[in-house]
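Q: I'm passing along run-v5.pdb; it holds PDB, C-alpha atoms, pLDDT in the B column.
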```pdb
ATOM      1  CA  MET U 126       3.209  -3.249   7.401  1.00 72.00           C
ATOM      2  CA  THR U 127       3.219  -0.286   9.755  1.00 80.00           C
ATOM      3  CA  ASP U 128       2.167   3.218   8.743  1.00 82.00           C
ATOM      4  CA  GLN U 129       5.806   4.329   8.745  1.00 85.00           C
ATOM      5  CA  GLU U 130       6.867   1.391   6.566  1.00 83.00           C
ATOM      6  CA  LEU U 131       4.059   2.206   4.131  1.00 82.00           C
ATOM      7  CA  ILE U 132       5.088   5.865   3.972  1.00 83.00           C
ATOM      8  CA  ARG U 133       8.710   4.886   3.276  1.00 83.00           C
ATOM      9  CA  ALA U 134       7.637   2.396   0.592  1.00 82.00           C
ATOM     10  CA  LEU U 135       5.452   4.985  -1.141  1.00 80.00           C
ATOM     11  CA  ARG U 136       8.273   7.515  -1.083  1.00 81.00           C
ATOM     12  CA  ARG U 137      10.683   4.970  -2.583  1.00 80.00           C
ATOM     13  CA  LEU U 138       8.146   4.045  -5.268  1.00 75.00           C
ATOM     14  CA  MET U 139       7.403   7.645  -6.291  1.00 70.00           C
ATOM     15  CA  VAL U 140      10.806   7.984  -7.955  1.00 68.00           C
ATOM     16  CA  GLU U 141       9.909   5.167 -10.366  1.00 63.00           C
ATOM     17  CA  THR U 142       8.137   7.613 -12.710  1.00 57.00           C
ATOM     18  CA  GLY U 143       8.396   6.446 -16.292  1.00 59.00           C
ATOM     19  CA  SER U 144       8.805   2.809 -15.333  1.00 60.00           C
ATOM     20  CA  LEU U 145       6.106   0.165 -15.091  1.00 57.00           C
ATOM     21  CA  ALA U 146       5.055   1.741 -11.778  1.00 55.00           C
ATOM     22  CA  CYS U 147       3.991   4.902 -13.644  1.00 63.00           C
ATOM     23  CA  LEU U 148       0.412   4.697 -14.812  1.00 60.00           C
ATOM     24  CA  GLY U 149       0.433   7.877 -16.895  1.00 63.00           C
ATOM     25  CA  CYS U 150      -2.642   8.817 -14.889  1.00 68.00           C
ATOM     26  CA  GLY U 151      -3.092  12.366 -16.150  1.00 67.00           C
ATOM     27  CA  HIS U 152      -2.280  13.886 -12.765  1.00 67.00           C
ATOM     28  CA  GLU U 153       1.333  14.516 -13.771  1.00 65.00           C
ATOM     29  CA  HIS U 154       2.793  17.584 -12.124  1.00 64.00           C
ATOM     30  CA  SER U 155       6.569  17.670 -12.409  1.00 65.00           C
ATOM     31  CA  CYS U 156       6.593  13.911 -11.842  1.00 71.00           C
ATOM     32  CA  GLY U 157       9.853  13.563 -13.749  1.00 68.00           C
ATOM     33  CA  ILE U 158      11.543  15.853 -11.243  1.00 73.00           C
ATOM     34  CA  HIS U 159       9.702  15.111  -7.996  1.00 72.00           C
ATOM     35  CA  GLY U 160       8.337  11.599  -8.514  1.00 74.00           C
ATOM     36  CA  CYS U 161       4.759  10.450  -9.046  1.00 77.00           C
ATOM     37  CA  ALA U 162       2.322  13.172  -7.982  1.00 78.00           C
ATOM     38  CA  VAL U 163      -0.331  10.678  -6.844  1.00 78.00           C
ATOM     39  CA  ILE U 164       2.073   8.595  -4.752  1.00 81.00           C
ATOM     40  CA  ARG U 165       3.744  11.733  -3.387  1.00 82.00           C
ATOM     41  CA  GLN U 166       0.362  13.101  -2.246  1.00 84.00           C
ATOM     42  CA  ALA U 167      -0.661   9.736  -0.761  1.00 86.00           C
ATOM     43  CA  ALA U 168       2.575   9.549   1.251  1.00 87.00           C
ATOM     44  CA  GLU U 169       2.115  13.109   2.541  1.00 87.00           C
ATOM     45  CA  ARG U 170      -1.538  12.513   3.506  1.00 88.00           C
ATOM     46  CA  LEU U 171      -0.679   9.257   5.263  1.00 89.00           C
ATOM     47  CA  ALA U 172       2.100  11.053   7.149  1.00 89.00           C
ATOM     48  CA  GLU U 173      -0.409  13.755   8.203  1.00 90.00           C
ATOM     49  CA  LEU U 174      -2.902  11.157   9.391  1.00 89.00           C
ATOM     50  CA  THR U 175      -0.182   9.351  11.308  1.00 86.00           C
ATOM     51  CA  ARG U 176       0.877  12.587  13.040  1.00 87.00           C
ATOM     52  CA  GLU U 177      -2.758  13.381  13.924  1.00 82.00           C
ATOM     53  CA  LYS U 178      -3.262   9.873  15.347  1.00 76.00           C
ATOM     54  CA  ASN U 179      -0.255  10.164  17.685  1.00 70.00           C
TER      55      ASN U 179
END
```
Before we go any further, please render this structure as structure tokens.
A:
Amino acid sequence: MTDQELIRALRRLMVETGSLACLGCGHEHSCGIHGCAVIRQAAERLAELTREKN
């Protein structure tokens, strides 16, 4: 899986809040509106690292 494929997969998964993908991790911050906060942050950080690498 490439970095871009991983970023896209994380972004697709973040909208699964409330399903089995949601861990109820305690980091909730408008997850119901914006998707999982942890996955959203991971996707953004990975995108930053990918931009820095290129």
Q: Grab the CA of Leu138 (chain U) to CA of Asn179 (chain U) distance for me, in Å with one decimal place.
A: 25.2 Å
Q: Expressed in Å to a single decimal, how great is the separation between CA of Met126 (chain U) and CA of His159 (chain U)?
A: 24.8 Å
Q: Could you state the separation of CA of Leu174 (chain U) and CA of Leu131 (chain U) in Å, given to one decimal place?
A: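 The value is 12.5 Å.
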Q: Take the point (0.8, 8.3, -2.3) in the file's coordinates, draw a sphere of radius 10 Å around it, and report as a list in words every protein, DNA or RNA residue with an atom inside or on it, counting all atoms listed in the file.
A: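 I get Leu131, Ile132, Ala134, Leu135, Arg136, Leu138, Met139, Cys161, Ala162, Val163, Ile164, Arg165, Gln166, Ala167, Ala168, Glu169, Arg170, Leu171 and Ala172 of chain U for the residues within 10 Å of that point.
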Q: Given 4 Å on each side, where is the centre and what are the edge lengths in Å to one decimal of the axis-aligned box enclosing the listed atoms of region 168-172 of chain U, as lines of an AutoDock Vina configuration file?
A:
```
center_x = 0.5
center_y = 11.2
center_z = 4.2
size_x = 12.1
size_y = 11.9
size_z = 13.9
```
